[in-house]
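Participant: Got a structure for you, questions after.
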Amino acid sequence: MTTLPFTRRRRRRRSELYKGLAFASPFLIGFTVFVAYPILASARYSFTDFNLFQAPHGVGFDNYRAMLTDDRFLKSLANTLYLTVIGVPLSIIIGLGGAHILNLPVRGRPLFRALVYLPTIVPVVVGGYLWRWLLNAQYGFVDRVLELLHVPTPLWLEDPNWTKPAIIMMSLWTVGGTMIIYLAALQEVPVELHEAAEIDGAGIWARFRYITWPTLTPVTLFQIIVTIIAFLQIFTQPYLLTQTRLNSSSGGPDDSMLSYTMYLFQNAFVFLKMGYASAMAWILFLITLAITALLLLSSKKWVHYGSR
Amino acid sequence: MKMQAFSRSRSVAVLAGAAVLSLALASCSGSTNTASSGGKTTISFSYLWGGPEGAAAEKIISEFNSSQSKIVVKGVSNPDMQKQLASMSSSSGSFDVSDNFGNNVGTWASKGVLAPLDDLLKTAGADTSDFVPSAMNQMKYKGKIYALPIAVHTMQLVYNKKLLQAAGVTPPKTTDELATAIAKLTKVDASGNITQLGLGNPDQSTSLTTLGYAFGGTWDGSSTTAPTPTPAEPGNVAALKFWQDNITNKYGPAKVTKFTAGWGQYMSPQDPFYTGKVAMVIEGEWQAVSIPKNAPKLQWGVAPIPVANSSLDGTTQLTASTLFIPANSQHKAEAATFLKYMTDKQAMLEFTKALGNLPARTSLLADPTYAAIPHMSAWLESLKSPNVKSLASAPYSAQYSTDLASAFDSVSRGTAAPQQAMDKVANQAKSYPMK
Amino acid sequence: MAPADPLVVEPTRREDARSGREWRPPVRRSGLLKTAGKWTTHRLLMAVLVIVFVFPFVVMVTSAFKNTGDIFHSPPRLLPSEWTWDNFTGAFHQIPVFRYLGNTLFISTMTVIGTVLTCPLVAYSLSKLQWRGRSALLAIVLATMMLPTQVTMIPIYLMWNALHGANTYWPLITPAFFGTPFLIFMIRQFLINVPDELIQAARMDGASELRVYWSIVLPLARPALATAAVFQFVWTWTDFLNPLIYLNDSSKYTLSIGLYAFFGQHDVAWGPLMAACVMFTLPALLIFIFGQRYFVGGISTGALK
């Protein structure tokens with residue numbers, strides 16, 4: 001590269017800056033209008049009492065204080081954390097295990113991979129009603145299969161203790177996406193290391209732990225973050241599973257299916273407590289930031305970059 | 001390079017064509033927004049009714065449209081209650097007239113969602129003198145009218161004659177008799193599964209609040225002009241305890257839930273009451289039209305709600321279906337004219353008859369058209385009782401019903417004791433908006 | 001140049017360092033029984049996995065063709081005693097399927113247009129242009145991917161309300177014209193692997209950046225654009241929350257909300273509901289069958305790098 005005089009380089013750099021900004025302008029404008037401004041506005045609304053029909057008026061920290069004594073808020077938070085703490089590890093483990101199975105040398109593999117991935121592109125509304133039907137305590141097939149296996153059959157959507165496992169089961173049905181990602185990642189694992197280890201007498205588990213797993217750690221980090229975020233904001237699945245006639249809002253038996261964002265939505269669009277809902281949104285934002293930051297920090301300990 | 005440019009512009013053309021095509025498909029709907037054209041004003045009537053009830057509404061609409069030439073009403077069925085509220089929040093307004101239920105009037109009026117109707121109705125020349133008084137109370141907020149009742153509903157005990165005969169039970173008059181009846185009418189098979197339930201709950205909130213009244217309780221205090229939430233009244237708690245003792249805990253919450261989980265669609269031929277899975281229900285007068293249509297072979301009867309003591313005789317819960325004009329409507333005067341038409345005697349008679357609802361005007365109660373519907377007279381009579389109760393229409397009502405629904409749910413599942421559940425609601429009530 | 005189908009994976013070819021001939025790992029001779037056992041276990045595992053994931057589909061389709069007696073049969077039977085179209089005709093009568101189809105098609109097409117127009121622009125600035133704010137922008141794009149939608153939901157709703165956008169399609173279509181973080185990132189990853197020589201050459205020849213972008217980069221990026229288009233189409237097609245919040249008139253509903261409203265009105269009419277589900281899934285299924293490689297390729301590209 002030729003060296004240019006100082007001012008020309010400066011001018012060139014500035015024109016590059018303008019070009020970069022110009023091409024990026026749609027995103028920059030969109031970010032300002034649809035992300036930056038709303039986040040700040042949300043913060044402002046969280047300090048007001050605002051019912052959408054009348055002008056907002058400030059109430060200081062009242063909304064945040066009210067959260068601490070609001071039973072349904074605490075319940076929705078607990079429900080969501082339960083779903084996240086149980087759902088995320090299960091998603092990762094099943095995704096990873098499924099990827100290994102899909103990697104086995106069986107004829108017709110591409111078809112099977114496609115079939116396992118299919119649930120992820122099924123419209124979520126369809127999935128919701130389908131699972132509602134499958135989990136019906138009297139006519140549903142899940143209980144029928146359990147019966148045939150001589151396993152006790154819970155009431156699922158009618159039993160407060162089994163509603164969240166039902167939601168997790170429904171979410172796991174779409175774990176095909178994770179499987180495909182892991183499948184692609186598995187192809188990057190150096191085969192000769194596996195062969196060498198096998199010759200040395202290492203068992204399946206040892207081979208996984210010392211060869212496969214390190215290569216998969218970056219993907220796993222990404223998957224964990226993405227899945228946690230998805231579970232923290234889970235809305236459509238419980239919303240559809242608790243839907244009642246005329247769409248009047250419900251949280252399921254004993255509010256056991258009331259997810260955090262469902263309660264947020266209820267506060268905003270049913271009770272018309274936009275201020276309170278904004279406060280809830282901000283708390284969710286902070287929780288998400290905290291978890292992501294923690295994960296990224298901890299990643300130094302267990303993530304190995306550079307597989308080859 | 002040229003080839004690529006060509007195929008690129010071709011794909012752009014394809015995309016553009018697809019966009020135009022789908023735009024054409026989508027715009028076949030036609031606009032439902034309000035508009036003014038020529039001498040006529042078009043207003044929009046969005047209603048929660050659907051199916052045959054919606055068809056009845058459309059009939060009234062077309063009659064109105066042909067009866068005069070200044071206003072054209074466009075009706076659309078939008079059965080989603082949450083969306084209804086959201087629509088009224090935008091500054092331009094999606095509809096000019098809509099329907100809802102009486103106990104929401106206070107909440108919505110206090111938030112400025114509804115247009116006050118007193119002056120509008122006077123200009124339109126509407127007669128508001130003979131509406132059922134307890135219904136009219138729900139329509140007012142701070143002394144002003146914010147909605148008009150189009151139909152009222154009361155609850156009675158509806159029972160399956162054959163099942164009662166088989167069990168040797170006569171329709172219960174007191175709550176003690178009700179308990180005995182439930183015990184005799186609930187059947188359990190060899191493996192402990194319920195095959196028939198004595199008393200069902202098609203709408204849990206309505207059933208339990210009505211029972212609360214039947215035990216002498218009250219949900220909104222004793223003053224109709226200054227309601228306050230009173231969930232923990234002894235009568236309310238007694239009603240919930242009755243439910244838990246006689247149904248939930250007697251047969252086991254899991255068994256009851258398992259039984260109710262398998263019920264067919266409400267008011268369809270697979271309705272649990274129509275198919276004999278439930279012997280008695282606390283139901284409204286629309287059943288008088290629904291049962292002959294969906295279960296013509298069912299032999300059924302209607303009896304007054306069983307009460308705790310004779311001073312409460314004739315207790316029933318009244319709810320009202322209302323028509324209102326949202327505050328963001330651009331054509332309030334025309335909407336008021338349509339409102340007057342729909343709540344006038346002729347239209348109200350026709351509409352409520354088609355729906356199988358009770359009319360909201362006391363002058364229509366004696367009309368022979370209703371007597372022709374089997375068993376409707378039982379509900380008509382119930383309106384005359386001095387013990388007709390209704391939930392208040394107050395600023396806190398929307399949240400109160402949600403909290404009560406949660407509490408009822410935990411009581412009927414046996415996860416909370418009645419007093420405990422009601423005390424919790426009373427606690428939540430402390431943060432309710434009162435004005 | 002279509003991307004290789006990622007579902008069909010070829011093992012990497014290894015070469016002997018000295019001779020250059022292909023090196024194959026030594027084959028271990030296991031006994032016949034052991035091989036047969038392994039072969040069976042593999043097939044069994046695969047079968048179990050696939051059956052578990054496909055079973056719900058089977059239930060959906062068979063239920064759509066059952067009559068009421070079969071649906072409400074306890075214990076439930078998988079296959080209908082007689083196959084009937086009643087549920088489909090019932091659903092058709094109660095849901096204006098073609099209108100909702102048209103609405104959903106319109107919105108989906110518009111968002112695809114928006115995506116294909118804007119995402120590559122931003123991806124280009126993140127990959128082929130050297131400028132000071134580039135890594136900052138990349139960080140912002142990635143961070144936006146992690147944002148929970150509910151945080152911005154209310155102010156955006158209020159904004160559209162003030163602009164009279166409620167109950168129109170604007171709130172559903174406009175955001176796509178400002179780029180979607182995940183798709184921007186995916187196209188960026190693709191563009192990074194595109195060799196710079198053509199671009200440098202064109203710049204040397206004096207072509208404006210826009211010209212370079214339009215005539216050289218975009219055609220090369222076609223596989224990535226196709227992938228982005230497919231993703232965006234399916235996302236919009238199946239979107240639930242946005243139509244739920246913004247569309248109030250039932251005539252404007254998309255298929256998602258149409259199905260939701262159908263359930264809300266009729267509660268548990270399972271037969272027609274399953275039939276409606278089948279009808280709603282079919283287009284997504286077709287797109288998947290024909291666009292399969294784009295889906296899987298796109299996800300792998302986005303997630304791995």
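By convention here, the chains of the structure tokens are called A, B, ... in the order presented, each chain's residues are numbered starting at 1, and ligands are numbered starting at 1 in the order presented.
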Write out as number ranges by chain each polymer residue whose atoms come within 12 Å of segment 416-426 of chain B, counting only C-alpha atoms; drop sequence neighbours fewer than 4 positions from it.

Facilitator: A: 69-72, 254; B: 208, 212, 219-220, 228-245, 248-249, 253, 399-412, 430-432

Participant: Using only C-alpha atoms, find which residues of chain C lie within 7 Å of chain B and jot them down as number ranges by chain.

Facilitator: C: 99, 102-103, 105-106, 109-110, 161-162, 164, 166, 248-251, 261, 265, 267-269

Participant: Would you mind telling me which residue in B:Ser69, B:Thr362, B:Thr260, B:Asn201 lies nearest to chain A when using only C-alpha atoms?

Facilitator: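 Under the stated criterion, the closest residue is B:Thr260.
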
Participant: With a cut-off of 7 Å and counting only C-alpha atoms, select all residues of chain A in contact with chain C and give the selection as a PyMOL selection string.

Facilitator: chain A and resi 13+16-17+20+23-24+26-27+30+34-35+38-39+41-42+101-102+104+106+110+112-113+115-116+121-126+130+138-141+144+173+180-181+184-185+219+229+233+244-247+281-282+285

Participant: Generate the output file for the selected residues, N, CA and C atoms, as a short mmCIF file (atom, residue, chain, number, x, y, z; two decimals), in the first residue's frame.

Facilitator:
```
data_model
loop_
_atom_site.label_atom_id
_atom_site.label_comp_id
_atom_site.auth_asym_id
_atom_site.auth_seq_id
_atom_site.Cartn_x
_atom_site.Cartn_y
_atom_site.Cartn_z
N ARG A 13 -9.72 8.83 5.25
CA ARG A 13 -10.35 8.16 6.39
C ARG A 13 -11.73 8.74 6.65
N GLU A 16 -14.13 7.50 4.14
CA GLU A 16 -14.50 6.12 4.45
C GLU A 16 -15.53 6.10 5.56
N LEU A 17 -15.35 7.00 6.52
CA LEU A 17 -16.30 7.07 7.63
C LEU A 17 -17.69 7.42 7.11
N GLY A 20 -19.12 4.50 5.30
CA GLY A 20 -19.57 3.47 6.25
C GLY A 20 -20.90 3.86 6.88
N PHE A 23 -23.87 3.63 4.34
CA PHE A 23 -24.39 2.28 4.10
C PHE A 23 -25.09 1.73 5.32
N ALA A 24 -24.59 2.14 6.47
CA ALA A 24 -25.20 1.61 7.69
C ALA A 24 -26.40 2.42 8.13
N PRO A 26 -29.60 2.83 7.31
CA PRO A 26 -30.91 2.25 7.65
C PRO A 26 -30.91 1.68 9.06
N PHE A 27 -29.86 0.93 9.39
CA PHE A 27 -29.82 0.34 10.71
C PHE A 27 -29.69 1.41 11.78
N GLY A 30 -32.98 3.09 12.23
CA GLY A 30 -33.88 2.12 12.87
C GLY A 30 -33.51 1.92 14.33
N PHE A 34 -36.26 2.66 16.88
CA PHE A 34 -36.93 1.47 17.41
C PHE A 34 -36.22 0.82 18.58
N VAL A 35 -35.03 1.29 18.93
CA VAL A 35 -34.35 0.67 20.06
C VAL A 35 -33.96 1.72 21.10
N PRO A 38 -37.00 3.99 22.39
CA PRO A 38 -37.94 3.25 23.24
C PRO A 38 -37.35 2.82 24.57
N ILE A 39 -36.07 2.44 24.58
CA ILE A 39 -35.50 2.03 25.87
C ILE A 39 -35.54 3.20 26.84
N ALA A 41 -37.49 5.90 26.62
CA ALA A 41 -38.89 6.25 26.91
C ALA A 41 -39.48 5.28 27.91
N SER A 42 -39.12 4.01 27.76
CA SER A 42 -39.60 3.00 28.69
C SER A 42 -39.18 3.33 30.10
N ILE A 101 -26.85 -38.05 17.64
CA ILE A 101 -27.64 -39.11 17.01
C ILE A 101 -27.80 -38.83 15.52
N LEU A 102 -28.05 -37.55 15.19
CA LEU A 102 -28.25 -37.21 13.79
C LEU A 102 -26.96 -37.34 13.00
N LEU A 104 -25.02 -39.99 13.31
CA LEU A 104 -24.73 -41.41 13.15
C LEU A 104 -24.88 -41.81 11.69
N VAL A 106 -26.48 -43.45 9.40
CA VAL A 106 -27.71 -44.19 9.08
C VAL A 106 -28.20 -43.69 7.75
N PRO A 110 -30.31 -37.22 5.83
CA PRO A 110 -30.80 -35.86 5.55
C PRO A 110 -32.30 -35.73 5.79
N PHE A 112 -34.12 -37.44 7.94
CA PHE A 112 -34.38 -37.44 9.37
C PHE A 112 -34.00 -36.10 9.99
N ARG A 113 -32.89 -35.55 9.50
CA ARG A 113 -32.50 -34.24 10.04
C ARG A 113 -33.56 -33.20 9.73
N LEU A 115 -36.74 -33.73 9.25
CA LEU A 115 -37.93 -33.99 10.05
C LEU A 115 -37.78 -33.45 11.47
N VAL A 116 -36.59 -33.61 12.03
CA VAL A 116 -36.37 -33.13 13.39
C VAL A 116 -36.35 -31.61 13.44
N ILE A 121 -40.13 -24.55 12.18
CA ILE A 121 -40.73 -23.61 11.25
C ILE A 121 -42.26 -23.70 11.25
N VAL A 122 -42.79 -24.58 12.05
CA VAL A 122 -44.25 -24.62 12.19
C VAL A 122 -44.69 -23.34 12.90
N PRO A 123 -45.72 -22.68 12.42
CA PRO A 123 -46.15 -21.46 13.09
C PRO A 123 -46.40 -21.72 14.57
N VAL A 124 -45.92 -20.81 15.40
CA VAL A 124 -45.98 -21.06 16.84
C VAL A 124 -47.42 -21.17 17.33
N VAL A 125 -48.34 -20.53 16.64
CA VAL A 125 -49.75 -20.63 17.02
C VAL A 125 -50.24 -22.06 16.82
N VAL A 126 -49.84 -22.65 15.70
CA VAL A 126 -50.22 -24.03 15.42
C VAL A 126 -49.64 -24.95 16.49
N LEU A 130 -51.76 -27.38 18.99
CA LEU A 130 -51.46 -28.79 18.83
C LEU A 130 -51.07 -29.40 20.17
N GLN A 138 -58.02 -35.85 29.13
CA GLN A 138 -58.87 -36.98 28.77
C GLN A 138 -58.63 -37.51 27.37
N TYR A 139 -58.45 -36.63 26.40
CA TYR A 139 -58.36 -37.07 25.02
C TYR A 139 -56.97 -36.91 24.42
N GLY A 140 -56.02 -36.49 25.24
CA GLY A 140 -54.70 -36.21 24.69
C GLY A 140 -53.85 -37.45 24.52
N PHE A 141 -52.92 -37.37 23.54
CA PHE A 141 -52.12 -38.55 23.23
C PHE A 141 -50.92 -38.71 24.15
N ARG A 144 -51.93 -40.88 26.81
CA ARG A 144 -52.21 -42.22 26.28
C ARG A 144 -50.92 -43.00 26.17
N TRP A 173 -39.77 -29.31 21.87
CA TRP A 173 -40.16 -29.86 20.57
C TRP A 173 -39.46 -29.10 19.46
N ILE A 180 -29.29 -28.70 14.83
CA ILE A 180 -28.64 -28.45 13.55
C ILE A 180 -27.37 -27.64 13.75
N ILE A 181 -27.43 -26.67 14.63
CA ILE A 181 -26.24 -25.87 14.90
C ILE A 181 -25.13 -26.75 15.45
N ALA A 184 -23.64 -28.95 12.74
CA ALA A 184 -22.63 -28.28 11.93
C ALA A 184 -21.32 -28.15 12.70
N ALA A 185 -21.45 -27.85 13.99
CA ALA A 185 -20.24 -27.70 14.80
C ALA A 185 -19.49 -29.02 14.95
N VAL A 219 -19.75 -22.50 20.48
CA VAL A 219 -21.14 -22.64 20.04
C VAL A 219 -22.07 -22.75 21.24
N ILE A 229 -32.14 -16.05 26.85
CA ILE A 229 -32.92 -14.87 26.48
C ILE A 229 -34.30 -15.29 25.99
N GLN A 233 -38.00 -14.33 27.94
CA GLN A 233 -39.11 -13.59 27.40
C GLN A 233 -40.23 -14.49 26.87
N THR A 244 -58.50 -18.47 27.02
CA THR A 244 -59.87 -18.88 27.34
C THR A 244 -60.82 -18.24 26.35
N ARG A 245 -62.09 -18.59 26.48
CA ARG A 245 -63.10 -18.07 25.57
C ARG A 245 -63.12 -16.55 25.59
N LEU A 246 -63.31 -15.96 24.40
CA LEU A 246 -63.33 -14.51 24.23
C LEU A 246 -61.98 -13.88 24.60
N ASN A 247 -60.95 -14.72 24.71
CA ASN A 247 -59.61 -14.22 24.95
C ASN A 247 -59.47 -13.39 26.21
N ALA A 281 -40.71 -4.04 32.31
CA ALA A 281 -39.86 -4.23 31.14
C ALA A 281 -38.41 -3.89 31.48
N TRP A 282 -38.21 -2.82 32.21
CA TRP A 282 -36.86 -2.43 32.57
C TRP A 282 -36.17 -3.43 33.47
N PHE A 285 -34.99 -6.12 31.33
CA PHE A 285 -33.82 -5.68 30.60
C PHE A 285 -32.58 -5.82 31.47
#
```

Participant: Figure out the distance between atom CA of Gly106 of chain B and atom CA of Gly221 of chain B, please, to one decimal in Å.

Facilitator: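 Atom CA of Gly221 of chain B sits 15.6 Å away from atom CA of Gly106 of chain B.
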
Participant: For the atom pair atom CA of Leu157 of chain B and atom CA of Ile282 of chain B, what is the interatomic distance in Å to one decimal place?

Facilitator: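 Those two atoms sit 4.7 Å apart.
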
Participant: Could you tell me which residues of chain A sit within 10 Å of chain B when counting only C-alpha atoms, and give me the result as a PyMOL selection string?

Facilitator: chain A and resi 51-54+66+69-72+136-140+154-160+245-255+266-272

Participant: Take the residues from that selection and write them out as a compact mmCIF listing (two decimals), in the first residue's frame, keeping N, CA and C atoms.

Facilitator:
```txt
# COMPACT_ATOMS: atom_id res chain seq x y z
N ASN A 51 -52.31 5.41 31.91
CA ASN A 51 -53.30 4.42 31.51
C ASN A 51 -53.69 4.53 30.05
N LEU A 52 -52.90 5.18 29.25
CA LEU A 52 -53.09 5.20 27.80
C LEU A 52 -54.17 6.18 27.37
N PHE A 53 -55.15 6.43 28.20
CA PHE A 53 -56.23 7.32 27.78
C PHE A 53 -56.06 8.71 28.37
N GLN A 54 -55.31 8.78 29.45
CA GLN A 54 -55.09 10.09 30.06
C GLN A 54 -53.60 10.33 30.15
N ALA A 66 -44.06 -1.16 44.25
CA ALA A 66 -45.25 -2.01 44.20
C ALA A 66 -44.91 -3.42 43.77
N THR A 69 -44.30 -6.06 46.49
CA THR A 69 -45.41 -6.61 47.25
C THR A 69 -46.48 -7.21 46.36
N ASP A 70 -46.25 -7.19 45.06
CA ASP A 70 -47.26 -7.73 44.15
C ASP A 70 -47.07 -9.23 44.01
N ASP A 71 -48.01 -9.99 44.56
CA ASP A 71 -47.90 -11.46 44.50
C ASP A 71 -47.78 -11.99 43.10
N ARG A 72 -48.58 -11.44 42.20
CA ARG A 72 -48.59 -12.00 40.85
C ARG A 72 -47.28 -11.66 40.14
N ASN A 136 -54.23 -32.71 26.51
CA ASN A 136 -55.54 -32.80 27.13
C ASN A 136 -55.60 -34.02 28.05
N ALA A 137 -56.12 -33.82 29.24
CA ALA A 137 -56.07 -34.89 30.23
C ALA A 137 -56.94 -36.08 29.86
N GLN A 138 -58.02 -35.85 29.13
CA GLN A 138 -58.87 -36.98 28.77
C GLN A 138 -58.63 -37.51 27.37
N TYR A 139 -58.45 -36.63 26.40
CA TYR A 139 -58.36 -37.07 25.02
C TYR A 139 -56.97 -36.91 24.42
N GLY A 140 -56.02 -36.49 25.24
CA GLY A 140 -54.70 -36.21 24.69
C GLY A 140 -53.85 -37.45 24.52
N PRO A 154 -49.98 -37.48 34.52
CA PRO A 154 -50.40 -36.24 35.17
C PRO A 154 -51.47 -35.53 34.35
N LEU A 155 -52.10 -34.52 34.96
CA LEU A 155 -53.17 -33.81 34.28
C LEU A 155 -52.65 -32.64 33.45
N TRP A 156 -51.34 -32.46 33.42
CA TRP A 156 -50.71 -31.45 32.60
C TRP A 156 -51.30 -30.06 32.78
N LEU A 157 -52.08 -29.59 31.77
CA LEU A 157 -52.48 -28.19 31.78
C LEU A 157 -53.49 -27.85 32.87
N GLU A 158 -54.04 -28.88 33.52
CA GLU A 158 -55.00 -28.59 34.58
C GLU A 158 -54.37 -28.66 35.95
N ASP A 159 -53.15 -29.18 36.01
CA ASP A 159 -52.50 -29.38 37.30
C ASP A 159 -51.38 -28.35 37.46
N PRO A 160 -51.47 -27.49 38.47
CA PRO A 160 -50.47 -26.43 38.61
C PRO A 160 -49.04 -26.96 38.69
N ARG A 245 -62.09 -18.59 26.48
CA ARG A 245 -63.10 -18.07 25.57
C ARG A 245 -63.12 -16.55 25.59
N LEU A 246 -63.31 -15.96 24.40
CA LEU A 246 -63.33 -14.51 24.23
C LEU A 246 -61.98 -13.88 24.60
N ASN A 247 -60.95 -14.72 24.71
CA ASN A 247 -59.61 -14.22 24.95
C ASN A 247 -59.47 -13.39 26.21
N SER A 248 -60.30 -13.67 27.22
CA SER A 248 -60.08 -12.94 28.48
C SER A 248 -58.83 -13.51 29.13
N SER A 249 -58.06 -12.66 29.78
CA SER A 249 -56.73 -13.07 30.20
C SER A 249 -56.75 -14.06 31.36
N SER A 250 -55.83 -14.97 31.33
CA SER A 250 -55.76 -15.99 32.37
C SER A 250 -54.30 -16.37 32.58
N GLY A 251 -53.99 -16.87 33.77
CA GLY A 251 -52.60 -17.28 34.01
C GLY A 251 -52.47 -18.76 34.16
N GLY A 252 -53.55 -19.48 33.81
CA GLY A 252 -53.49 -20.92 34.02
C GLY A 252 -53.85 -21.26 35.46
N PRO A 253 -53.94 -22.56 35.77
CA PRO A 253 -54.33 -22.97 37.12
C PRO A 253 -53.37 -22.40 38.15
N ASP A 254 -53.91 -21.68 39.09
CA ASP A 254 -53.08 -21.14 40.17
C ASP A 254 -52.03 -20.17 39.64
N ASP A 255 -52.30 -19.54 38.52
CA ASP A 255 -51.32 -18.63 37.89
C ASP A 255 -49.99 -19.31 37.63
N GLN A 266 -50.36 -8.19 30.26
CA GLN A 266 -51.63 -7.98 30.94
C GLN A 266 -51.70 -6.60 31.55
N ASN A 267 -50.62 -6.23 32.22
CA ASN A 267 -50.61 -4.91 32.86
C ASN A 267 -50.73 -3.80 31.83
N ALA A 268 -50.06 -3.99 30.67
CA ALA A 268 -50.07 -2.93 29.67
C ALA A 268 -51.41 -2.83 28.96
N PHE A 269 -51.90 -3.97 28.45
CA PHE A 269 -53.04 -3.90 27.54
C PHE A 269 -54.37 -4.32 28.13
N VAL A 270 -54.39 -4.90 29.33
CA VAL A 270 -55.67 -5.27 29.93
C VAL A 270 -56.00 -4.36 31.10
N PHE A 271 -55.04 -4.20 32.02
CA PHE A 271 -55.28 -3.31 33.15
C PHE A 271 -54.94 -1.87 32.83
N LEU A 272 -54.33 -1.67 31.67
CA LEU A 272 -53.94 -0.32 31.25
C LEU A 272 -53.05 0.36 32.28
```

Participant: Which residues are close to Gly168 of chain B, i.e. within 12 Å by only C-alpha atoms, leaving aside same-chain residues fewer than 6 positions away? Reply as a count of residues only.

Facilitator: 8

Participant: Looking only at the backbone, which of the residues in segment 21-68 of chain A does DSSP tag as alpha helix (DSSP H), as a PyMOL selection string?

Facilitator: chain A and resi 21-31+37-46+62-68
